[in-house]
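**Q** My file is start.pdb. It has PDB, C-alpha atoms (C1' of nucleotides):
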```pdb
ATOM      1  CA  MET J 310      -1.839  -2.873   1.991
ATOM      2  CA  VAL J 311      -5.052  -3.764   0.229
ATOM      3  CA  ASN J 312      -6.909  -7.058  -0.124
ATOM      4  CA  GLN J 313      -4.471  -9.939   0.185
ATOM      5  CA  GLN J 314      -7.018 -12.566  -0.768
ATOM      6  CA  PHE J 315      -5.575 -13.040  -4.220
ATOM      7  CA  THR J 316      -2.060 -13.285  -2.824
ATOM      8  CA  PHE J 317      -3.205 -15.781  -0.204
ATOM      9  CA  ALA J 318      -5.104 -17.831  -2.768
ATOM     10  CA  VAL J 319      -2.108 -18.029  -5.089
ATOM     11  CA  HIS J 320       0.006 -19.177  -2.173
ATOM     12  CA  ILE J 321      -2.509 -21.858  -1.285
ATOM     13  CA  MET J 322      -2.774 -23.067  -4.851
ATOM     14  CA  THR J 323       0.999 -23.186  -5.192
ATOM     15  CA  ALA J 324       1.217 -25.235  -2.039
ATOM     16  CA  LEU J 325      -1.400 -27.659  -3.320
ATOM     17  CA  ALA J 326       0.370 -27.907  -6.645
ATOM     18  CA  PHE J 327       3.629 -28.600  -4.870
ATOM     19  CA  SER J 328       2.251 -31.840  -3.403
ATOM     20  CA  PRO J 329       0.361 -33.318  -6.334
ATOM     21  CA  GLY J 330      -2.618 -35.459  -5.470
ATOM     22  CA  LYS J 331      -2.180 -34.986  -1.749
ATOM     23  CA  VAL J 332      -5.034 -33.736   0.399
ATOM     24  CA  ILE J 333      -3.850 -30.907   2.625
ATOM     25  CA  GLY J 334      -5.744 -29.467   5.587
ATOM     26  CA  SER J 335      -6.525 -25.834   6.220
ATOM     27  CA  GLN J 336      -4.349 -25.933   9.329
ATOM     28  CA  THR J 337      -1.275 -26.837   7.316
ATOM     29  CA  LEU J 338      -2.039 -24.357   4.579
ATOM     30  CA  ALA J 339      -2.653 -21.635   7.139
ATOM     31  CA  ALA J 340       0.728 -22.293   8.679
ATOM     32  CA  SER J 341       2.385 -21.933   5.287
ATOM     33  CA  VAL J 342       0.607 -18.676   4.525
ATOM     34  CA  ASN J 343       0.953 -17.600   8.138
ATOM     35  CA  THR J 344      -2.687 -16.798   8.687
ATOM     36  CA  ASN J 345      -5.717 -18.335  10.325
ATOM     37  CA  PRO J 346      -7.251 -21.651   9.179
ATOM     38  CA  VAL J 347     -10.662 -20.013   8.857
ATOM     39  CA  VAL J 348      -9.277 -17.455   6.463
ATOM     40  CA  VAL J 349      -7.869 -20.292   4.406
ATOM     41  CA  ARG J 350     -11.105 -22.241   4.468
ATOM     42  CA  ARG J 351     -13.023 -19.262   3.137
ATOM     43  CA  LEU J 352     -10.600 -19.035   0.248
ATOM     44  CA  LEU J 353     -10.813 -22.766  -0.340
ATOM     45  CA  LEU J 354     -14.556 -22.411  -0.711
ATOM     46  CA  ALA J 355     -14.089 -19.751  -3.356
ATOM     47  CA  LEU J 356     -11.549 -21.882  -5.183
ATOM     48  CA  ARG J 357     -13.889 -24.837  -5.033
ATOM     49  CA  ARG J 358     -16.757 -22.781  -6.427
ATOM     50  CA  ALA J 359     -14.472 -22.039  -9.354
ATOM     51  CA  ARG J 360     -13.888 -25.807  -9.675
ATOM     52  CA  LEU J 361     -10.159 -25.416  -9.246
ATOM     53  CA  ILE J 362      -9.993 -27.692  -6.218
ATOM     54  CA  GLU J 363     -12.051 -30.246  -4.389
ATOM     55  CA  THR J 364     -12.370 -30.361  -0.625
ATOM     56  CA  PHE J 365     -13.072 -33.196   1.787
ATOM     57  CA  THR J 366     -14.735 -32.906   5.153
ATOM     58  CA  GLY J 367     -14.127 -35.109   8.137
ATOM     59  CA  LYS J 368     -10.973 -36.639   9.450
ATOM     60  CA  ASN J 369      -8.027 -36.421   7.075
ATOM     61  CA  GLY J 370     -10.052 -33.870   5.193
ATOM     62  CA  GLY J 371      -8.641 -30.934   3.288
ATOM     63  CA  ALA J 372      -8.160 -29.779  -0.263
ATOM     64  CA  ARG J 373      -6.635 -31.015  -3.490
ATOM     65  CA  LEU J 374      -6.260 -29.624  -7.018
ATOM     66  CA  ARG J 375      -8.768 -30.716  -9.622
ATOM     67  CA  LYS J 376      -6.596 -29.832 -12.594
ATOM     68  CA  LYS J 377      -2.974 -29.966 -13.511
ATOM     69  CA  PRO J 378      -0.957 -26.899 -12.526
ATOM     70  CA  ARG J 379      -0.214 -26.389 -16.195
ATOM     71  CA  GLU J 380      -3.935 -26.023 -16.853
ATOM     72  CA  ILE J 381      -4.533 -23.429 -14.162
ATOM     73  CA  SER J 382      -3.661 -19.816 -14.792
ATOM     74  CA  LEU J 383      -3.553 -16.989 -12.313
ATOM     75  CA  VAL J 384      -6.592 -15.426 -13.898
ATOM     76  CA  ASP J 385      -8.563 -18.492 -12.835
ATOM     77  CA  ILE J 386      -7.552 -17.782  -9.259
ATOM     78  CA  TYR J 387      -8.191 -14.079  -9.720
ATOM     79  CA  ASP J 388     -11.706 -14.753 -10.924
ATOM     80  CA  ALA J 389     -12.285 -17.278  -8.179
ATOM     81  CA  VAL J 390     -11.634 -14.783  -5.391
ATOM     82  CA  GLU J 391     -13.216 -11.865  -7.256
ATOM     83  CA  PRO J 392     -11.082  -9.049  -5.927
ATOM     84  CA  ARG J 393     -12.366  -5.535  -6.210
ATOM     85  CA  PRO J 394     -11.544  -3.806  -9.478
ATOM     86  CA  VAL J 395      -8.044  -2.477  -9.895
ATOM     87  CA  ILE J 396      -9.428   0.976 -10.590
ATOM     88  CA  PRO J 397     -12.527   1.957  -8.632
ATOM     89  CA  VAL J 398     -14.988   4.268 -10.302
ATOM     90  CA  ASN J 399     -16.212   7.244  -8.320
ATOM     91  CA  GLU J 400     -19.877   6.468  -7.710
ATOM     92  CA  ARG J 401     -20.918   9.773  -6.185
ATOM     93  CA  LYS J 402     -23.394  11.845  -7.985
ATOM     94  CA  ALA J 403     -22.170  14.390 -10.472
ATOM     95  CA  LEU J 404     -22.455  18.136 -10.331
ATOM     96  CA  LYS J 405     -25.225  18.843 -12.804
ATOM     97  CA  LYS J 406     -23.863  22.074 -14.133
ATOM     98  CA  CYS J 407     -20.418  20.636 -14.845
ATOM     99  CA  HIS J 408     -19.842  18.852 -18.134
ATOM    100  CA  VAL J 409     -16.740  17.090 -16.922
ATOM    101  CA  SER J 410     -18.406  15.971 -13.724
ATOM    102  CA  CYS J 411     -21.426  14.652 -15.590
ATOM    103  CA  ASN J 412     -19.311  12.548 -17.905
ATOM    104  CA  MET J 413     -16.492  11.332 -15.687
ATOM    105  CA  LYS J 414     -18.274   8.246 -14.480
ATOM    106  CA  GLY J 415     -18.720   6.951 -17.981
ATOM    107  CA  ILE J 416     -15.215   7.911 -18.991
ATOM    108  CA  MET J 417     -13.598   6.327 -15.942
ATOM    109  CA  SER J 418     -15.700   3.212 -16.354
ATOM    110  CA  GLY J 419     -14.066   2.742 -19.713
ATOM    111  CA  VAL J 420     -10.601   3.239 -18.284
ATOM    112  CA  ALA J 421     -11.343   0.888 -15.402
ATOM    113  CA  ALA J 422     -12.711  -1.826 -17.672
ATOM    114  CA  SER J 423      -9.839  -1.750 -20.116
ATOM    115  CA  THR J 424      -7.333  -1.772 -17.264
ATOM    116  CA  GLU J 425      -9.061  -4.751 -15.729
ATOM    117  CA  ASP J 426      -8.793  -6.466 -19.095
ATOM    118  CA  ALA J 427      -5.096  -5.721 -19.251
ATOM    119  CA  VAL J 428      -4.553  -7.234 -15.817
ATOM    120  CA  ARG J 429      -6.592 -10.308 -16.594
ATOM    121  CA  LYS J 430      -4.824 -10.802 -19.878
ATOM    122  CA  HIS J 431      -1.484 -10.614 -18.138
ATOM    123  CA  LEU J 432      -2.495 -13.068 -15.440
ATOM    124  CA  ARG J 433      -3.858 -15.442 -18.050
ATOM    125  CA  GLY J 434      -0.322 -15.808 -19.291
ATOM    126  CA  ILE J 435       1.014 -17.097 -15.980
ATOM    127  CA  SER J 436       0.329 -20.709 -15.084
ATOM    128  CA  LEU J 437       0.460 -22.271 -11.664
ATOM    129  CA  ALA J 438       3.051 -24.660 -13.073
ATOM    130  CA  GLN J 439       5.347 -21.710 -13.733
ATOM    131  CA  LEU J 440       5.131 -20.655 -10.120
ATOM    132  CA  VAL J 441       5.714 -24.145  -8.758
ATOM    133  CA  ARG J 442       8.782 -24.416 -10.945
ATOM    134  CA  GLN J 443      10.205 -21.445  -9.066
ATOM    135  CA  VAL J 444      10.133 -23.353  -5.807
ATOM    136  CA  PRO J 445      13.448 -25.165  -5.318
ATOM    137  CA  GLN J 446      12.625 -28.867  -5.517
ATOM    138  CA  PRO J 447      14.612 -30.914  -3.001
ATOM    139  CA  ARG J 448      12.329 -33.908  -3.273
TER     140      ARG J 448
ATOM    141  CA  MET F1279      -7.591  -2.175  -5.605
ATOM    142  CA  VAL F1280      -6.025   1.144  -6.083
ATOM    143  CA  ASN F1281      -7.652   3.785  -3.909
ATOM    144  CA  GLN F1282      -9.750   6.542  -5.347
ATOM    145  CA  GLN F1283      -6.885   8.993  -5.433
ATOM    146  CA  PHE F1284      -6.042   7.962  -8.955
ATOM    147  CA  THR F1285      -9.668   8.290 -10.009
ATOM    148  CA  PHE F1286      -9.929  11.691  -8.364
ATOM    149  CA  ALA F1287      -6.674  12.837  -9.908
ATOM    150  CA  VAL F1288      -7.775  11.822 -13.388
ATOM    151  CA  HIS F1289     -11.010  13.714 -12.867
ATOM    152  CA  ILE F1290      -9.120  16.795 -11.764
ATOM    153  CA  MET F1291      -6.741  16.635 -14.685
ATOM    154  CA  THR F1292      -9.594  16.164 -17.113
ATOM    155  CA  ALA F1293     -11.322  19.206 -15.665
ATOM    156  CA  LEU F1294      -8.142  21.273 -16.015
ATOM    157  CA  ALA F1295      -7.665  20.051 -19.565
ATOM    158  CA  PHE F1296     -11.247  20.988 -20.363
ATOM    159  CA  SER F1297     -10.550  24.661 -19.672
ATOM    160  CA  PRO F1298      -7.170  25.176 -21.322
ATOM    161  CA  GLY F1299      -4.949  27.818 -19.744
ATOM    162  CA  LYS F1300      -7.468  28.693 -17.083
ATOM    163  CA  VAL F1301      -6.507  28.676 -13.413
ATOM    164  CA  ILE F1302      -9.086  26.751 -11.417
ATOM    165  CA  GLY F1303      -9.400  26.722  -7.632
ATOM    166  CA  SER F1304      -9.590  23.696  -5.383
ATOM    167  CA  GLN F1305     -13.105  24.678  -4.375
ATOM    168  CA  THR F1306     -14.364  24.423  -7.931
ATOM    169  CA  LEU F1307     -12.501  21.210  -8.611
ATOM    170  CA  ALA F1308     -13.790  19.716  -5.380
ATOM    171  CA  ALA F1309     -17.344  20.506  -6.406
ATOM    172  CA  SER F1310     -16.825  18.738  -9.715
ATOM    173  CA  VAL F1311     -15.347  15.647  -8.080
ATOM    174  CA  ASN F1312     -17.803  15.952  -5.209
ATOM    175  CA  THR F1313     -15.242  15.832  -2.462
ATOM    176  CA  ASN F1314     -13.496  18.202  -0.075
ATOM    177  CA  PRO F1315     -11.192  20.995  -1.270
ATOM    178  CA  VAL F1316      -8.444  19.766   1.025
ATOM    179  CA  VAL F1317      -8.540  16.361  -0.607
ATOM    180  CA  VAL F1318      -8.173  18.084  -3.957
ATOM    181  CA  ARG F1319      -5.324  20.275  -2.770
ATOM    182  CA  ARG F1320      -3.364  17.261  -1.589
ATOM    183  CA  LEU F1321      -3.738  15.704  -5.013
ATOM    184  CA  LEU F1322      -2.775  18.954  -6.683
ATOM    185  CA  LEU F1323       0.441  18.929  -4.686
ATOM    186  CA  ALA F1324       1.231  15.436  -5.924
ATOM    187  CA  LEU F1325       0.454  16.438  -9.496
ATOM    188  CA  ARG F1326       2.649  19.474  -9.137
ATOM    189  CA  ARG F1327       5.527  17.400  -7.787
ATOM    190  CA  ALA F1328       5.213  15.363 -10.966
ATOM    191  CA  ARG F1329       5.388  18.639 -12.906
ATOM    192  CA  LEU F1330       2.059  18.024 -14.573
ATOM    193  CA  ILE F1331       0.497  21.214 -13.275
ATOM    194  CA  GLU F1332       1.454  24.492 -11.685
ATOM    195  CA  THR F1333      -0.380  26.012  -8.760
ATOM    196  CA  PHE F1334      -0.837  29.569  -7.600
ATOM    197  CA  THR F1335      -1.420  30.746  -4.058
ATOM    198  CA  GLY F1336      -3.306  33.809  -2.989
ATOM    199  CA  LYS F1337      -6.413  35.354  -4.383
ATOM    200  CA  ASN F1338      -7.491  33.942  -7.724
ATOM    201  CA  GLY F1339      -5.108  31.106  -7.031
ATOM    202  CA  GLY F1340      -5.558  27.555  -8.211
ATOM    203  CA  ALA F1341      -4.096  25.130 -10.690
ATOM    204  CA  ARG F1342      -3.365  24.901 -14.386
ATOM    205  CA  LEU F1343      -1.834  22.286 -16.695
ATOM    206  CA  ARG F1344       1.823  22.609 -17.591
ATOM    207  CA  LYS F1345       1.601  20.435 -20.682
ATOM    208  CA  LYS F1346      -0.824  19.788 -23.461
ATOM    209  CA  PRO F1347      -3.400  17.085 -22.764
ATOM    210  CA  ARG F1348      -1.993  15.159 -25.698
ATOM    211  CA  GLU F1349       1.362  15.020 -23.940
ATOM    212  CA  ILE F1350      -0.007  13.703 -20.662
ATOM    213  CA  SER F1351      -0.804  10.036 -20.287
ATOM    214  CA  LEU F1352      -2.652   8.339 -17.487
ATOM    215  CA  VAL F1353       0.521   6.654 -16.337
ATOM    216  CA  ASP F1354       1.899  10.106 -15.584
ATOM    217  CA  ILE F1355      -1.024  10.673 -13.267
ATOM    218  CA  TYR F1356      -0.708   7.161 -11.866
ATOM    219  CA  ASP F1357       2.929   7.756 -11.012
ATOM    220  CA  ALA F1358       2.166  11.175  -9.598
ATOM    221  CA  VAL F1359      -0.245   9.842  -6.994
ATOM    222  CA  GLU F1360       1.729   6.651  -6.385
ATOM    223  CA  PRO F1361      -1.123   4.330  -5.557
ATOM    224  CA  ARG F1362      -0.362   1.125  -3.716
ATOM    225  CA  PRO F1363       0.591  -1.788  -5.919
ATOM    226  CA  VAL F1364      -2.217  -3.583  -7.708
ATOM    227  CA  ILE F1365      -1.092  -6.862  -6.151
ATOM    228  CA  PRO F1366       0.168  -6.626  -2.581
ATOM    229  CA  VAL F1367       2.884  -9.059  -1.545
ATOM    230  CA  ASN F1368       2.422 -10.905   1.715
ATOM    231  CA  GLU F1369       5.159  -9.519   3.933
ATOM    232  CA  ARG F1370       4.767 -11.872   6.874
ATOM    233  CA  LYS F1371       7.567 -14.131   7.755
ATOM    234  CA  ALA F1372       7.673 -17.535   6.162
ATOM    235  CA  LEU F1373       7.380 -20.905   7.819
ATOM    236  CA  LYS F1374      10.981 -22.112   7.805
ATOM    237  CA  LYS F1375      10.252 -25.760   7.261
ATOM    238  CA  CYS F1376       8.013 -25.117   4.259
ATOM    239  CA  HIS F1377       9.613 -24.757   0.855
ATOM    240  CA  VAL F1378       6.598 -23.073  -0.651
ATOM    241  CA  SER F1379       6.257 -20.651   2.224
ATOM    242  CA  CYS F1380       9.932 -19.745   2.065
ATOM    243  CA  ASN F1381       9.770 -18.921  -1.607
ATOM    244  CA  MET F1382       6.360 -17.343  -2.036
ATOM    245  CA  LYS F1383       7.471 -13.844  -1.271
ATOM    246  CA  GLY F1384       9.984 -13.896  -4.092
ATOM    247  CA  ILE F1385       7.581 -15.579  -6.453
ATOM    248  CA  MET F1386       4.722 -13.193  -5.713
ATOM    249  CA  SER F1387       7.030 -10.227  -6.005
ATOM    250  CA  GLY F1388       7.665 -11.247  -9.565
ATOM    251  CA  VAL F1389       3.978 -11.608 -10.297
ATOM    252  CA  ALA F1390       3.220  -8.278  -8.635
ATOM    253  CA  ALA F1391       5.958  -6.466 -10.540
ATOM    254  CA  SER F1392       4.991  -7.801 -13.930
ATOM    255  CA  THR F1393       1.342  -7.036 -13.272
ATOM    256  CA  GLU F1394       2.226  -3.514 -12.276
ATOM    257  CA  ASP F1395       4.142  -3.225 -15.545
ATOM    258  CA  ALA F1396       1.132  -4.426 -17.477
ATOM    259  CA  VAL F1397      -1.085  -1.817 -15.838
ATOM    260  CA  ARG F1398       1.403   0.959 -16.401
ATOM    261  CA  LYS F1399       1.894  -0.037 -20.000
ATOM    262  CA  HIS F1400      -1.840   0.031 -20.561
ATOM    263  CA  LEU F1401      -2.230   3.429 -18.920
ATOM    264  CA  ARG F1402       0.644   4.801 -20.938
ATOM    265  CA  GLY F1403      -1.495   4.258 -24.007
ATOM    266  CA  ILE F1404      -4.275   6.532 -22.812
ATOM    267  CA  SER F1405      -3.786  10.275 -23.102
ATOM    268  CA  LEU F1406      -5.619  12.982 -21.239
ATOM    269  CA  ALA F1407      -6.640  14.350 -24.631
ATOM    270  CA  GLN F1408      -8.495  11.141 -25.347
ATOM    271  CA  LEU F1409     -10.501  11.537 -22.160
ATOM    272  CA  VAL F1410     -11.314  15.182 -22.784
ATOM    273  CA  ARG F1411     -12.530  14.260 -26.232
ATOM    274  CA  GLN F1412     -15.132  12.059 -24.587
ATOM    275  CA  VAL F1413     -16.680  15.046 -22.837
ATOM    276  CA  PRO F1414     -19.437  16.479 -25.033
ATOM    277  CA  GLN F1415     -18.256  19.915 -26.129
ATOM    278  CA  PRO F1416     -21.084  22.453 -26.135
ATOM    279  CA  ARG F1417     -18.739  25.409 -26.394
TER     280      ARG F1417
ATOM    281  C1'  DC C 190     -17.596 -43.467  19.898
ATOM    282  C1'  DA C 191     -13.632 -40.303  19.661
ATOM    283  C1'  DA C 192     -10.560 -37.634  17.077
ATOM    284  C1'  DA C 193      -9.697 -34.665  13.356
ATOM    285  C1'  DC C 194     -11.484 -32.224   9.992
ATOM    286  C1'  DT C 195     -14.635 -28.801   7.184
ATOM    287  C1'  DG C 196     -18.381 -25.216   6.732
ATOM    288  C1'  DT C 197     -20.114 -21.121   8.451
ATOM    289  C1'  DA C 198     -21.748 -17.410  11.382
ATOM    290  C1'  DA C 199     -20.662 -13.848  14.577
ATOM    291  C1'  DT C 200     -17.669 -10.686  16.633
ATOM    292  C1'  DC C 201     -13.285  -7.895  17.180
ATOM    293  C1'  DA C 202      -9.365  -5.120  16.212
ATOM    294  C1'  DA C 203      -6.502  -2.841  13.173
ATOM    295  C1'  DA C 204      -5.700  -0.508   9.050
ATOM    296  C1'  DA C 205      -6.975   2.277   5.160
ATOM    297  C1'  DC C 206      -9.516   6.042   3.533
ATOM    298  C1'  DC C 207     -11.521  10.157   3.096
ATOM    299  C1'  DA C 208     -13.727  14.234   5.241
ATOM    300  C1'  DT C 209     -13.320  17.971   8.005
ATOM    301  C1'  DT C 210     -11.546  21.676  10.886
ATOM    302  C1'  DA C 211      -8.140  24.876  11.739
ATOM    303  C1'  DC C 212      -4.850  28.138  10.734
ATOM    304  C1'  DA C 213      -0.584  30.299   8.924
ATOM    305  C1'  DC C 214       0.850  32.251   4.798
ATOM    306  C1'  DT C 215       0.245  34.497   0.074
ATOM    307  C1'  DT C 216      -1.702  37.329  -3.418
ATOM    308  C1'  DA C 217      -4.968  40.499  -5.888
ATOM    309  C1'  DA C 218      -7.729  44.360  -5.807
ATOM    310  C1'  DG C 219      -9.743  48.369  -4.074
TER     311       DG C 219
ATOM    312  C1'  DC X 166      -2.564  48.903   3.568
ATOM    313  C1'  DT X 167      -6.382  46.361   4.342
ATOM    314  C1'  DT X 168      -9.559  42.891   3.119
ATOM    315  C1'  DA X 169     -11.120  38.940   0.639
ATOM    316  C1'  DA X 170     -10.028  34.774  -1.449
ATOM    317  C1'  DG X 171      -6.860  31.444  -2.101
ATOM    318  C1'  DT X 172      -3.165  27.695  -1.115
ATOM    319  C1'  DG X 173      -0.267  24.609   1.997
ATOM    320  C1'  DT X 174      -0.397  21.589   5.693
ATOM    321  C1'  DA X 175      -1.150  19.420  10.138
ATOM    322  C1'  DA X 176      -4.293  17.223  13.154
ATOM    323  C1'  DT X 177      -8.296  14.725  14.135
ATOM    324  C1'  DG X 178     -12.418  11.865  13.412
ATOM    325  C1'  DG X 179     -15.667   8.601  11.334
ATOM    326  C1'  DT X 180     -16.561   4.921   8.204
ATOM    327  C1'  DT X 181     -15.493   1.034   5.736
ATOM    328  C1'  DT X 182     -12.619  -2.823   4.708
ATOM    329  C1'  DT X 183      -9.948  -6.478   6.094
ATOM    330  C1'  DG X 184      -8.288 -10.143   8.333
ATOM    331  C1'  DA X 185      -8.091 -12.701  12.988
ATOM    332  C1'  DT X 186     -10.470 -15.177  16.170
ATOM    333  C1'  DT X 187     -13.964 -17.830  18.654
ATOM    334  C1'  DA X 188     -17.509 -20.954  18.492
ATOM    335  C1'  DC X 189     -19.964 -24.736  17.103
ATOM    336  C1'  DA X 190     -22.657 -27.953  14.156
ATOM    337  C1'  DG X 191     -21.869 -31.448  10.817
ATOM    338  C1'  DT X 192     -18.825 -35.129   8.551
ATOM    339  C1'  DT X 193     -15.628 -38.759   8.134
ATOM    340  C1'  DT X 194     -12.086 -42.146   9.555
ATOM    341  C1'  DG X 195     -10.448 -45.585  12.394
TER     342       DG X 195
END
```
Let's see the structure in the file written out as structure tokens.

**A**
Amino acid sequence: MVNQQFTFAVHIMTALAFSPGKVIGSQTLAASVNTNPVVVRRLLLALRRARLIETFTGKNGGARLRKKPREISLVDIYDAVEPRPVIPVNERKALKKCHVSCNMKGIMSGVAASTEDAVRKHLRGISLAQLVRQVPQPR
Amino acid sequence: MVNQQFTFAVHIMTALAFSPGKVIGSQTLAASVNTNPVVVRRLLLALRRARLIETFTGKNGGARLRKKPREISLVDIYDAVEPRPVIPVNERKALKKCHVSCNMKGIMSGVAASTEDAVRKHLRGISLAQLVRQVPQPR
DNA sequence: CAAACTGTAATCAAAACCATTACACTTAAG
DNA sequence: CTTAAGTGTAATGGTTTTGATTACAGTTTG
């Protein structure tokens, strides 16, 4: 399986959205995701850079959403963690005497870019609020 | 990200489409992609399984398209090589006492599936003929 | 001041990828 | 019918990517 950072980040954001206003530590989040607190902290930094959350150091520190779940879409999270492109372009050098080889990089770049757009457009249509709503709420 | 198999396969198919009816060997294709013939042959097998090409063993062997480029879309190639999902779901076991943790797998599965659909739908709209048309034709 | 955190660097191990070697089998051509 | 040129396929190896872990300095609360 490839790069779970996006998956982890969505999990973290859903957890934060599930406890509105509450500051949650990386330890707790890591337990929910079932990974290491350092892995979580690295993602929290990325999410903070994207201004989706704020973090607090020191005792009782942790993270909290900066926007309402309704105002956060999955593309925001996607952009925050900057995963590698869905379709990687072959960067090796082309065979000079081959027309196809010489043009494939440009052609595939187009395919890769439009596919990336399609993914981002799709993710833009899914809000964090929608995901939180799918968690049974026994509160 | 999807691995380069899809990218390689598209390159191979474009090369085959560029020389209609001609049987091309894995050596030649490998040179165009700039990879190893064995890598190409493995992809050719996948493309054959998907009935997109036919292959010939023995001297002057190689591969050839079974359909017109206009009738082959990138999703056909995508399905042939079966890349890993664009969004991997976290398969680890959930933290029992955490509602979010217990439901994330289901929630992310939905996101992953719909994203995969979006990618496939996008690729369905791109034909091999369109790609070949982007190769300058000095013939 | 002590306890509980974050921020961050460094290191490790496992997994994913692709390249490569090797070789049996097939076919075309002389 | 023999040779050259291919495919089909397994096995192995090296590199890169990823995520886990350890370590520790700095921050904040009580």

**Q** Interatomic distance between CA of Ser1304 in chain F and CA of Glu1332 in chain F?

**A**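 Interatomic distance, CA of Ser1304 in chain F to CA of Glu1332 in chain F: 12.7 Å.
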
**Q** Which centre and which edge lengths, in Å to one decimal, describe the axis-aligned box that holds all listed atoms of range 193-209 of chain C after 5 Å is added on each side, as JSON?

**A**
```
{"center_x": -13.7, "center_y": -8.3, "center_z": 10.1, "size_x": 26.0, "size_y": 62.6, "size_z": 24.1}
```

**Q** Just checking: using only C-alpha atoms (C1' of nucleotides), which residue out of C:DC214, C:DG219, C:DC190, C:DA205 ends up closest to chain J?

**A**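 Checking each of C:DC214, C:DG219, C:DC190, C:DA205 against chain J, counting only C-alpha atoms (C1' of nucleotides), the winner is C:DA205.
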
**Q** Got a sec to pull out which chain J residues are within 9 Å of chain F, counting all atoms listed in the file, and send them as an MDAnalysis selection string?

**A** chainID J and resid 310:313 315:317 319:320 323:324 327 340:343 392:399 401:413 416:417 420 423:425 427:428 431:432 435 440:441 443:447

**Q** Under the PyMOL selection byres ((chain F) within 6 of (chain X)), which residues of this model are included? Write them out as a PyMOL selection string.

**A** chain F and resi 1335-1337+1339

**Q** Taking the file as I've supplied it (selection: the PyMOL selection byres ((chain C) within 10 of (chain J))), which residues are included? Please answer as number ranges by chain.

**A** C: 192-197, 204-205

**Q** Quick one: apply the PyMOL selection byres ((chain F and resi 1347) around 7) to the file and drop the selected residues here as a list in words.

**A**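 This file, filtered by the PyMOL selection byres ((chain F and resi 1347) around 7), leaves Ala1295, Lys1345, Lys1346, Arg1348, Glu1349, Ile1350, Ser1405, Leu1406 and Ala1407 of chain F.
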
**Q** Keeping only C-alpha atoms, take the residues you just selected and write them out as an mmCIF file, in the coordinates of the input.

**A**
```
data_model
loop_
_atom_site.group_PDB
_atom_site.id
_atom_site.type_symbol
_atom_site.label_atom_id
_atom_site.label_comp_id
_atom_site.auth_asym_id
_atom_site.auth_seq_id
_atom_site.Cartn_x
_atom_site.Cartn_y
_atom_site.Cartn_z
ATOM 1 C CA ALA F 1295 -7.665 20.051 -19.565
ATOM 2 C CA LYS F 1345 1.601 20.435 -20.682
ATOM 3 C CA LYS F 1346 -0.824 19.788 -23.461
ATOM 4 C CA ARG F 1348 -1.993 15.159 -25.698
ATOM 5 C CA GLU F 1349 1.362 15.020 -23.940
ATOM 6 C CA ILE F 1350 -0.007 13.703 -20.662
ATOM 7 C CA SER F 1405 -3.786 10.275 -23.102
ATOM 8 C CA LEU F 1406 -5.619 12.982 -21.239
ATOM 9 C CA ALA F 1407 -6.640 14.350 -24.631
#
```

**Q** Could you check how far C1' of DA218 in chain C sits from CA of Gly1299 in chain F, in Å to one decimal?

**A** 21.8 Å

**Q** Rounded to one decimal in Å, what is the spacing between CA of Arg1327 in chain F and CA of Ser1387 in chain F?

**A**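 Between these atoms lies a distance of 27.7 Å.
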
**Q** Write range 1292-1302 of chain F as an mmCIF file, keeping the file's coordinate frame, completed to N, CA and C atoms.

**A**
```cif
data_model
loop_
_atom_site.group_PDB
_atom_site.id
_atom_site.type_symbol
_atom_site.label_atom_id
_atom_site.label_comp_id
_atom_site.auth_asym_id
_atom_site.auth_seq_id
_atom_site.Cartn_x
_atom_site.Cartn_y
_atom_site.Cartn_z
ATOM 1 N N THR F 1292 -8.668 16.022 -15.991
ATOM 2 C CA THR F 1292 -9.594 16.164 -17.113
ATOM 3 C C THR F 1292 -10.291 17.525 -17.043
ATOM 4 N N ALA F 1293 -10.658 17.911 -15.839
ATOM 5 C CA ALA F 1293 -11.322 19.206 -15.665
ATOM 6 C C ALA F 1293 -10.374 20.344 -16.062
ATOM 7 N N LEU F 1294 -9.110 20.230 -15.657
ATOM 8 C CA LEU F 1294 -8.142 21.273 -16.015
ATOM 9 C C LEU F 1294 -7.942 21.304 -17.539
ATOM 10 N N ALA F 1295 -7.889 20.131 -18.121
ATOM 11 C CA ALA F 1295 -7.665 20.051 -19.565
ATOM 12 C C ALA F 1295 -8.867 20.589 -20.337
ATOM 13 N N PHE F 1296 -10.012 20.552 -19.709
ATOM 14 C CA PHE F 1296 -11.247 20.988 -20.363
ATOM 15 C C PHE F 1296 -11.309 22.503 -20.497
ATOM 16 N N SER F 1297 -10.594 23.194 -19.621
ATOM 17 C CA SER F 1297 -10.550 24.661 -19.672
ATOM 18 C C SER F 1297 -9.110 25.112 -19.861
ATOM 19 N N PRO F 1298 -8.595 24.971 -21.070
ATOM 20 C CA PRO F 1298 -7.170 25.176 -21.322
ATOM 21 C C PRO F 1298 -6.681 26.552 -20.875
ATOM 22 N N GLY F 1299 -5.580 26.556 -20.135
ATOM 23 C CA GLY F 1299 -4.949 27.818 -19.744
ATOM 24 C C GLY F 1299 -5.581 28.478 -18.546
ATOM 25 N N LYS F 1300 -6.762 28.048 -18.182
ATOM 26 C CA LYS F 1300 -7.468 28.693 -17.083
ATOM 27 C C LYS F 1300 -6.977 28.170 -15.733
ATOM 28 N N VAL F 1301 -6.882 29.076 -14.769
ATOM 29 C CA VAL F 1301 -6.507 28.676 -13.413
ATOM 30 C C VAL F 1301 -7.782 28.374 -12.634
ATOM 31 N N ILE F 1302 -7.875 27.173 -12.111
ATOM 32 C CA ILE F 1302 -9.086 26.751 -11.417
ATOM 33 C C ILE F 1302 -8.779 26.438 -9.961
#
```
